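Participant: The structure is given below, and queries will be raised subsequently.
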Amino acid sequence: MTAHEREAASADGGRSTEEERAAEEERAVDQALALVGHQPRAGHRPPEGPGATPSKPPPSSPVSPPSAVSPPSSSPSSAAAAAAAAAAAASASAGPESRPDSGLTPSSPARSAQTPGAAMPSAPAPGSPAPVVSPLAAPAPAPAVDSASSRSHGASSADRPASSPHAHRTGSTAWHAARALAESLGRAAPLAAHRLPLDRALGHVLAEAVVALTDLPSFDTSAMDGWAVAGPGPWTVKEGEGLLAGRGSTEPLPDGQALRIATGARLPADATAVIRSEHAHCDEAKRLLYAGREVVQGQDIRPRGQECRSGDELLPAGTVVTPPVLGLAAAAGYDALVAVPRPRVDVLVLGDELLTAGLPHDGLIRDALGPMLAPWLRALGAEVAEPRRLGDEAGALRQALVSSDADLILTTGGTAAGPVDHVHPVLAEIGAELLVDGVAVRPGHPMLLARLAEGGPCLVGLPGNPLAAVSGLLTLAEPLLRGIAGRPAQDRYRAPVRQEVHGHPHDTRLIPVVHREDSVVPLHYNGPAMLRGIAAADGLAVVPPGGVRSGTEVEILDLPWASASPWTEGCFT
């Protein structure tokens, strides 16, 4: 075989492997969505109080939403099963050499309980690794590569033991499957819609479509300052001060006459055109108006209903209320909008080693996540309380979780298995349902998603390293918040990378990038504990396992504050 043939065969093999990996990943996502979202998506609950608009009737045979809680000792819910299926599919697609479940110790009865009626795993072939059944199936230490990222909030991290008695992470959930599961979980329990005055609706999501209450404009108006004329010219100038916006005569304009008119003024009946002031000459002596250029019937007139007719849908449900949306709603006659409240988020910062001011010293480091997460979450449309610093106290964490009335709780650090990593044991103690326990992504592998007691909030556990926390924020928290608020998903798009990007052997990588013309440039300083790269970035590249060559197109996650650039101009045309 020639060198050229070997290269072609290698390329074909790489494409085949990539296609197989994509197919396995797609199946993992489908399994997660099928198991979490097997019930019809819940609609927004109708607003309450005077003036509330009625909501659509519920389906004749509604399906009860899944239980919000499944203690570790009980059978896992559909959401947990979805995470298990996604993890199993991701593990299967990675190949035996990459599965983290080989050689695991047997799980306890409480953690290996099966859902009644669920398919039992088939017996593994001799010499093959045991299949992953559930994210809670068996104890295993967290991978050493990312163990430090669950603790450090600054530029350095203390050495921590690789495992502890409560270490139990098994196969990680595939990255796309974890995002799909988080969004489905949010959409399964939407917030109740309420009516908001226009001055309080900014940033919320419409729960009902905005329908035109009148024609816009509601009458024929002049688009320019000038003269309203009827019929062919020259025209006799009609006496009077003319027509002004908001007032003036509505008498018909006889043929052959002209009347001064201001922009926005109601056009008199029978007027056929408006001549701009600069295009007309008035002979005061003869009281005649002459046009300086050809006059076309209907010119510079905004006819009634030009923008919309009464009953037209102006904006669909799910639209984010922006300043132009407020302006359109006001023009259409609305005083208030029916919208979904912004999800409420509590941020709990863990770690005794964190400083809130001054320079790092004596093994103490600055908290980088407290100042970063709150404004980032607000940019995602959430209402965020002031971050609370709890240190490394399990009791304080437990109290904060059980007393929170937020829709989502974010914790920073403590998601691994070190001696002061209390997130897992506290979640088990309060009977939380662990849905995602580790995601096959770098940085940020030891992130988690849980659902607290019935009626309680969801929890996303972020690693403590700053860029690893950003990864967890975009992987789990952002799609979850989007689902809760009913926000539409960002349009997925791909862009070529300008240079080769090294990948993880088995996991997805998220790399800070900046757009340059028609491609993206990977940025340096992209380690789990670094923020220098993401601070200069306008997006994150989703790099598949194994990495990509220069010129390869990869999926891009835009950051909330990324400005519109040339490659997106088609969105505005």
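In the structure tokens, each chain is lettered A, B, ... as it comes, each chain's residues begin at 1, and ligands are numbered from 1 in order of appearance.
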Name the residues in contact with region 346-362 of chain A at a cut-off of 7 Å, using only C-alpha atoms, excluding same-chain residues fewer than 4 positions from it; report them as a PyMOL selection string.
Facilitator: chain A and resi 366-367+370+384-385+387-392+406+408-414
Participant: May I have the selected residues written with N, CA, C and O atoms, as a PDB file, in the first residue's frame?
Facilitator:
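Full text of again_25.pdb as output:
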ATOM      1  N   ARG A 366      -8.066  33.759  46.144  1.00  0.00           N
ATOM      2  CA  ARG A 366      -9.256  34.584  45.920  1.00  0.00           C
ATOM      3  C   ARG A 366     -10.394  33.758  45.328  1.00  0.00           C
ATOM      4  O   ARG A 366     -10.183  32.862  44.510  1.00  0.00           O
ATOM      5  N   ASP A 367     -11.595  34.062  45.763  1.00  0.00           N
ATOM      6  CA  ASP A 367     -12.788  33.444  45.179  1.00  0.00           C
ATOM      7  C   ASP A 367     -13.045  34.089  43.827  1.00  0.00           C
ATOM      8  O   ASP A 367     -13.385  35.274  43.754  1.00  0.00           O
ATOM      9  N   GLY A 370     -17.587  33.472  42.884  1.00  0.00           N
ATOM     10  CA  GLY A 370     -18.633  34.324  43.438  1.00  0.00           C
ATOM     11  C   GLY A 370     -18.862  35.570  42.606  1.00  0.00           C
ATOM     12  O   GLY A 370     -19.998  35.872  42.210  1.00  0.00           O
ATOM     13  N   VAL A 384     -30.798  36.358  40.595  1.00  0.00           N
ATOM     14  CA  VAL A 384     -29.784  35.709  41.414  1.00  0.00           C
ATOM     15  C   VAL A 384     -29.625  36.443  42.740  1.00  0.00           C
ATOM     16  O   VAL A 384     -29.446  37.666  42.760  1.00  0.00           O
ATOM     17  N   ALA A 385     -29.722  35.690  43.823  1.00  0.00           N
ATOM     18  CA  ALA A 385     -29.460  36.266  45.138  1.00  0.00           C
ATOM     19  C   ALA A 385     -27.958  36.460  45.305  1.00  0.00           C
ATOM     20  O   ALA A 385     -27.155  35.873  44.586  1.00  0.00           O
ATOM     21  N   PRO A 387     -24.408  35.772  46.259  1.00  0.00           N
ATOM     22  CA  PRO A 387     -23.770  34.481  46.562  1.00  0.00           C
ATOM     23  C   PRO A 387     -23.478  34.343  48.055  1.00  0.00           C
ATOM     24  O   PRO A 387     -23.053  35.288  48.709  1.00  0.00           O
ATOM     25  N   ARG A 388     -23.699  33.144  48.583  1.00  0.00           N
ATOM     26  CA  ARG A 388     -23.445  32.851  50.004  1.00  0.00           C
ATOM     27  C   ARG A 388     -22.203  31.990  50.111  1.00  0.00           C
ATOM     28  O   ARG A 388     -22.071  30.975  49.435  1.00  0.00           O
ATOM     29  N   ARG A 389     -21.302  32.377  50.993  1.00  0.00           N
ATOM     30  CA  ARG A 389     -20.064  31.626  51.206  1.00  0.00           C
ATOM     31  C   ARG A 389     -20.215  30.760  52.441  1.00  0.00           C
ATOM     32  O   ARG A 389     -20.386  31.268  53.555  1.00  0.00           O
ATOM     33  N   LEU A 390     -20.152  29.448  52.236  1.00  0.00           N
ATOM     34  CA  LEU A 390     -20.425  28.503  53.319  1.00  0.00           C
ATOM     35  C   LEU A 390     -19.175  27.815  53.835  1.00  0.00           C
ATOM     36  O   LEU A 390     -19.250  27.093  54.825  1.00  0.00           O
ATOM     37  N   GLY A 391     -18.053  27.988  53.189  1.00  0.00           N
ATOM     38  CA  GLY A 391     -16.872  27.263  53.610  1.00  0.00           C
ATOM     39  C   GLY A 391     -17.028  25.777  53.363  1.00  0.00           C
ATOM     40  O   GLY A 391     -17.719  25.343  52.430  1.00  0.00           O
ATOM     41  N   ASP A 392     -16.392  24.973  54.202  1.00  0.00           N
ATOM     42  CA  ASP A 392     -16.439  23.514  54.052  1.00  0.00           C
ATOM     43  C   ASP A 392     -17.204  22.880  55.211  1.00  0.00           C
ATOM     44  O   ASP A 392     -16.715  21.966  55.865  1.00  0.00           O
ATOM     45  N   ALA A 406     -35.378  28.716  45.960  1.00  0.00           N
ATOM     46  CA  ALA A 406     -34.998  29.048  44.578  1.00  0.00           C
ATOM     47  C   ALA A 406     -35.473  27.955  43.629  1.00  0.00           C
ATOM     48  O   ALA A 406     -35.893  26.866  44.046  1.00  0.00           O
ATOM     49  N   LEU A 408     -33.311  26.981  41.228  1.00  0.00           N
ATOM     50  CA  LEU A 408     -32.058  26.280  40.967  1.00  0.00           C
ATOM     51  C   LEU A 408     -31.035  26.703  42.000  1.00  0.00           C
ATOM     52  O   LEU A 408     -30.940  27.888  42.337  1.00  0.00           O
ATOM     53  N   ILE A 409     -30.296  25.734  42.512  1.00  0.00           N
ATOM     54  CA  ILE A 409     -29.181  26.004  43.410  1.00  0.00           C
ATOM     55  C   ILE A 409     -27.906  25.626  42.687  1.00  0.00           C
ATOM     56  O   ILE A 409     -27.805  24.541  42.101  1.00  0.00           O
ATOM     57  N   LEU A 410     -26.926  26.533  42.722  1.00  0.00           N
ATOM     58  CA  LEU A 410     -25.598  26.242  42.183  1.00  0.00           C
ATOM     59  C   LEU A 410     -24.622  26.168  43.342  1.00  0.00           C
ATOM     60  O   LEU A 410     -24.575  27.073  44.181  1.00  0.00           O
ATOM     61  N   THR A 411     -23.869  25.090  43.398  1.00  0.00           N
ATOM     62  CA  THR A 411     -22.776  25.002  44.362  1.00  0.00           C
ATOM     63  C   THR A 411     -21.459  25.036  43.597  1.00  0.00           C
ATOM     64  O   THR A 411     -21.392  24.603  42.446  1.00  0.00           O
ATOM     65  N   THR A 412     -20.431  25.558  44.239  1.00  0.00           N
ATOM     66  CA  THR A 412     -19.121  25.616  43.604  1.00  0.00           C
ATOM     67  C   THR A 412     -18.135  24.812  44.431  1.00  0.00           C
ATOM     68  O   THR A 412     -17.977  25.043  45.624  1.00  0.00           O
ATOM     69  N   GLY A 413     -17.478  23.854  43.811  1.00  0.00           N
ATOM     70  CA  GLY A 413     -16.528  23.009  44.512  1.00  0.00           C
ATOM     71  C   GLY A 413     -17.223  21.911  45.293  1.00  0.00           C
ATOM     72  O   GLY A 413     -18.458  21.861  45.409  1.00  0.00           O
ATOM     73  N   GLY A 414     -16.428  21.004  45.832  1.00  0.00           N
ATOM     74  CA  GLY A 414     -16.960  19.949  46.684  1.00  0.00           C
ATOM     75  C   GLY A 414     -17.682  18.839  45.987  1.00  0.00           C
ATOM     76  O   GLY A 414     -18.398  18.060  46.616  1.00  0.00           O
TER      77      GLY A 414
END
Participant: Which residues are near region 230-234 of chain A? Cut-off 6 Å, only C-alpha atoms, ignore same chain within fewer than 6 positions. Put them as a list in words.
Facilitator: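 The neighbour list is Asp255, Gly256, Gln257, Ala271, Thr272, Leu289 and Tyr290 of chain A.
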Participant: For Gly381 (chain A), please output as a list in words all residues within 10 Å (counting only C-alpha atoms; exclusion window: fewer than 3 positions along the same chain).
Facilitator: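 The filter keeps Leu202, Gly203, His204, Val205, Val320, Pro341, Arg342, Pro343, Arg344, Pro375, Trp376, Leu377, Arg378, Val384, Glu478, Leu481, Arg482, Ala485, Arg487 and Pro560 of chain A.
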Participant: Would you return as number ranges by chain the members of region 483-562 of chain A that DSSP assigns to helix (DSSP H, G or I) on this structure's backbone?
Facilitator: A: 483-485, 532-536
Participant: Only all heavy atoms, please: the residues just picked out, written as a PDB file, in the first residue's frame.
Facilitator:
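Output below, filename out-v2.pdb:
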ATOM      1  N   GLY A 483     -34.828  25.745  29.976  1.00  0.00           N
ATOM      2  CA  GLY A 483     -36.038  24.934  30.024  1.00  0.00           C
ATOM      3  C   GLY A 483     -37.052  25.473  31.013  1.00  0.00           C
ATOM      4  O   GLY A 483     -38.249  25.550  30.720  1.00  0.00           O
ATOM      5  N   ILE A 484     -36.598  25.870  32.205  1.00  0.00           N
ATOM      6  CA  ILE A 484     -37.506  26.396  33.225  1.00  0.00           C
ATOM      7  C   ILE A 484     -38.202  27.656  32.731  1.00  0.00           C
ATOM      8  O   ILE A 484     -39.403  27.850  32.940  1.00  0.00           O
ATOM      9  CB  ILE A 484     -36.736  26.686  34.527  1.00  0.00           C
ATOM     10  CG1 ILE A 484     -36.243  25.385  35.163  1.00  0.00           C
ATOM     11  CG2 ILE A 484     -37.606  27.438  35.524  1.00  0.00           C
ATOM     12  CD1 ILE A 484     -35.334  25.595  36.364  1.00  0.00           C
ATOM     13  N   ALA A 485     -37.456  28.527  32.070  1.00  0.00           N
ATOM     14  CA  ALA A 485     -37.999  29.813  31.635  1.00  0.00           C
ATOM     15  C   ALA A 485     -38.719  29.736  30.296  1.00  0.00           C
ATOM     16  O   ALA A 485     -39.340  30.710  29.874  1.00  0.00           O
ATOM     17  CB  ALA A 485     -36.877  30.841  31.533  1.00  0.00           C
ATOM     18  N   ARG A 532      -8.009  33.429  32.000  1.00  0.00           N
ATOM     19  CA  ARG A 532      -7.454  34.390  31.054  1.00  0.00           C
ATOM     20  C   ARG A 532      -7.967  34.158  29.638  1.00  0.00           C
ATOM     21  O   ARG A 532      -8.232  35.106  28.888  1.00  0.00           O
ATOM     22  CB  ARG A 532      -5.925  34.307  31.096  1.00  0.00           C
ATOM     23  CG  ARG A 532      -5.227  35.380  30.307  1.00  0.00           C
ATOM     24  CD  ARG A 532      -3.729  35.351  30.587  1.00  0.00           C
ATOM     25  NE  ARG A 532      -3.009  36.249  29.706  1.00  0.00           N
ATOM     26  CZ  ARG A 532      -1.693  36.410  29.707  1.00  0.00           C
ATOM     27  NH1 ARG A 532      -0.961  35.696  30.563  1.00  0.00           N
ATOM     28  NH2 ARG A 532      -1.101  37.248  28.866  1.00  0.00           N
ATOM     29  N   GLY A 533      -8.120  32.886  29.244  1.00  0.00           N
ATOM     30  CA  GLY A 533      -8.620  32.589  27.909  1.00  0.00           C
ATOM     31  C   GLY A 533     -10.090  32.938  27.748  1.00  0.00           C
ATOM     32  O   GLY A 533     -10.480  33.626  26.797  1.00  0.00           O
ATOM     33  N   ILE A 534     -10.923  32.505  28.684  1.00  0.00           N
ATOM     34  CA  ILE A 534     -12.367  32.740  28.559  1.00  0.00           C
ATOM     35  C   ILE A 534     -12.696  34.224  28.681  1.00  0.00           C
ATOM     36  O   ILE A 534     -13.680  34.704  28.117  1.00  0.00           O
ATOM     37  CB  ILE A 534     -13.145  31.908  29.614  1.00  0.00           C
ATOM     38  CG1 ILE A 534     -14.650  31.907  29.317  1.00  0.00           C
ATOM     39  CG2 ILE A 534     -12.891  32.407  31.014  1.00  0.00           C
ATOM     40  CD1 ILE A 534     -15.035  31.145  28.089  1.00  0.00           C
ATOM     41  N   ALA A 535     -11.852  34.994  29.386  1.00  0.00           N
ATOM     42  CA  ALA A 535     -12.102  36.429  29.527  1.00  0.00           C
ATOM     43  C   ALA A 535     -11.964  37.148  28.193  1.00  0.00           C
ATOM     44  O   ALA A 535     -12.568  38.212  27.991  1.00  0.00           O
ATOM     45  CB  ALA A 535     -11.142  37.031  30.554  1.00  0.00           C
ATOM     46  N   ALA A 536     -11.176  36.596  27.278  1.00  0.00           N
ATOM     47  CA  ALA A 536     -10.994  37.204  25.959  1.00  0.00           C
ATOM     48  C   ALA A 536     -11.864  36.556  24.893  1.00  0.00           C
ATOM     49  O   ALA A 536     -11.858  36.998  23.741  1.00  0.00           O
ATOM     50  CB  ALA A 536      -9.526  37.107  25.547  1.00  0.00           C
TER      51      ALA A 536
END
Participant: For the strand (DSSP E or B) assignment from backbone DSSP, which residues of region 468-569 of chain A qualify? Please present them as a ChimeraX atom specification.
Facilitator: /A:493-497,501,508-516,519-522,539-543,548,553-558
Participant: Find the spatial neighbours of Ser403 (chain A), counting only C-alpha atoms, within a cut-off of 12 Å - ignore same-chain residues fewer than 2 positions away - and output them as a PDB file with N, CA, C and O atoms, in the first residue's frame.
Facilitator:
ATOM      1  N   ASP A 346     -29.985  30.414  43.645  1.00  0.00           N
ATOM      2  CA  ASP A 346     -29.104  30.600  44.800  1.00  0.00           C
ATOM      3  C   ASP A 346     -27.727  30.070  44.451  1.00  0.00           C
ATOM      4  O   ASP A 346     -27.604  28.965  43.903  1.00  0.00           O
ATOM      5  N   ALA A 396     -23.802  23.427  57.319  1.00  0.00           N
ATOM      6  CA  ALA A 396     -24.243  24.675  56.697  1.00  0.00           C
ATOM      7  C   ALA A 396     -24.765  24.420  55.289  1.00  0.00           C
ATOM      8  O   ALA A 396     -25.756  25.025  54.859  1.00  0.00           O
ATOM      9  N   LEU A 397     -24.128  23.517  54.564  1.00  0.00           N
ATOM     10  CA  LEU A 397     -24.592  23.183  53.217  1.00  0.00           C
ATOM     11  C   LEU A 397     -25.965  22.529  53.275  1.00  0.00           C
ATOM     12  O   LEU A 397     -26.868  22.884  52.507  1.00  0.00           O
ATOM     13  N   ARG A 398     -26.139  21.592  54.204  1.00  0.00           N
ATOM     14  CA  ARG A 398     -27.428  20.907  54.321  1.00  0.00           C
ATOM     15  C   ARG A 398     -28.533  21.911  54.631  1.00  0.00           C
ATOM     16  O   ARG A 398     -29.612  21.886  54.021  1.00  0.00           O
ATOM     17  N   GLN A 399     -28.295  22.823  55.572  1.00  0.00           N
ATOM     18  CA  GLN A 399     -29.306  23.802  55.943  1.00  0.00           C
ATOM     19  C   GLN A 399     -29.645  24.717  54.771  1.00  0.00           C
ATOM     20  O   GLN A 399     -30.811  25.058  54.542  1.00  0.00           O
ATOM     21  N   ALA A 400     -28.616  25.117  54.017  1.00  0.00           N
ATOM     22  CA  ALA A 400     -28.851  25.988  52.868  1.00  0.00           C
ATOM     23  C   ALA A 400     -29.690  25.293  51.806  1.00  0.00           C
ATOM     24  O   ALA A 400     -30.564  25.910  51.178  1.00  0.00           O
ATOM     25  N   LEU A 401     -29.468  24.001  51.604  1.00  0.00           N
ATOM     26  CA  LEU A 401     -30.219  23.273  50.580  1.00  0.00           C
ATOM     27  C   LEU A 401     -31.672  23.088  50.980  1.00  0.00           C
ATOM     28  O   LEU A 401     -32.575  23.303  50.170  1.00  0.00           O
ATOM     29  N   ASP A 405     -35.640  28.439  48.600  1.00  0.00           N
ATOM     30  CA  ASP A 405     -36.895  28.481  47.838  1.00  0.00           C
ATOM     31  C   ASP A 405     -36.618  28.875  46.386  1.00  0.00           C
ATOM     32  O   ASP A 405     -37.522  29.324  45.677  1.00  0.00           O
ATOM     33  N   ALA A 406     -35.378  28.716  45.960  1.00  0.00           N
ATOM     34  CA  ALA A 406     -34.998  29.048  44.578  1.00  0.00           C
ATOM     35  C   ALA A 406     -35.473  27.955  43.629  1.00  0.00           C
ATOM     36  O   ALA A 406     -35.893  26.866  44.046  1.00  0.00           O
ATOM     37  N   ILE A 409     -30.296  25.734  42.512  1.00  0.00           N
ATOM     38  CA  ILE A 409     -29.181  26.004  43.410  1.00  0.00           C
ATOM     39  C   ILE A 409     -27.906  25.626  42.687  1.00  0.00           C
ATOM     40  O   ILE A 409     -27.805  24.541  42.101  1.00  0.00           O
ATOM     41  N   ILE A 430     -30.175  14.085  52.405  1.00  0.00           N
ATOM     42  CA  ILE A 430     -31.481  14.739  52.315  1.00  0.00           C
ATOM     43  C   ILE A 430     -32.397  14.061  51.300  1.00  0.00           C
ATOM     44  O   ILE A 430     -33.492  14.547  51.025  1.00  0.00           O
ATOM     45  N   LEU A 452     -33.822  17.903  44.286  1.00  0.00           N
ATOM     46  CA  LEU A 452     -34.000  17.793  45.722  1.00  0.00           C
ATOM     47  C   LEU A 452     -35.382  17.269  46.057  1.00  0.00           C
ATOM     48  O   LEU A 452     -36.117  16.802  45.196  1.00  0.00           O
ATOM     49  N   ALA A 453     -35.747  17.364  47.341  1.00  0.00           N
ATOM     50  CA  ALA A 453     -37.002  16.783  47.809  1.00  0.00           C
ATOM     51  C   ALA A 453     -38.189  17.321  47.020  1.00  0.00           C
ATOM     52  O   ALA A 453     -38.100  18.361  46.373  1.00  0.00           O
ATOM     53  N   GLY A 455     -41.011  19.109  45.381  1.00  0.00           N
ATOM     54  CA  GLY A 455     -41.322  20.523  45.424  1.00  0.00           C
ATOM     55  C   GLY A 455     -40.100  21.396  45.588  1.00  0.00           C
ATOM     56  O   GLY A 455     -40.196  22.629  45.519  1.00  0.00           O
ATOM     57  N   GLY A 456     -38.942  20.795  45.813  1.00  0.00           N
ATOM     58  CA  GLY A 456     -37.727  21.558  46.005  1.00  0.00           C
ATOM     59  C   GLY A 456     -37.049  21.865  44.683  1.00  0.00           C
ATOM     60  O   GLY A 456     -37.474  21.433  43.615  1.00  0.00           O
ATOM     61  N   PRO A 457     -35.951  22.605  44.749  1.00  0.00           N
ATOM     62  CA  PRO A 457     -35.276  23.014  43.515  1.00  0.00           C
ATOM     63  C   PRO A 457     -34.384  21.927  42.941  1.00  0.00           C
ATOM     64  O   PRO A 457     -34.144  20.894  43.564  1.00  0.00           O
TER      65      PRO A 457
END
Participant: Just how far from CA of Ala207 (chain A) is CA of His194 (chain A), in Å to one decimal?
Facilitator: 8.3 Å
Participant: Extract, using only C-alpha atoms, all DNA, RNA and protein residues at most 10 Å from region 499-501 of chain A, discarding same-chain residues fewer than 3 positions from it, and format them as a PyMOL selection string.
Facilitator: chain A and resi 496+509+511+519-522+541+543-544+546-552
Participant: Just checking: using only C-alpha atoms, which residue out of A:Gln299, A:Asp407, A:Lys286, A:Ala212 ends up closest to Leu328 (chain A)?
Facilitator: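 Of A:Gln299, A:Asp407, A:Lys286, A:Ala212, the one nearest Leu328 (chain A) is A:Ala212, counting only C-alpha atoms.
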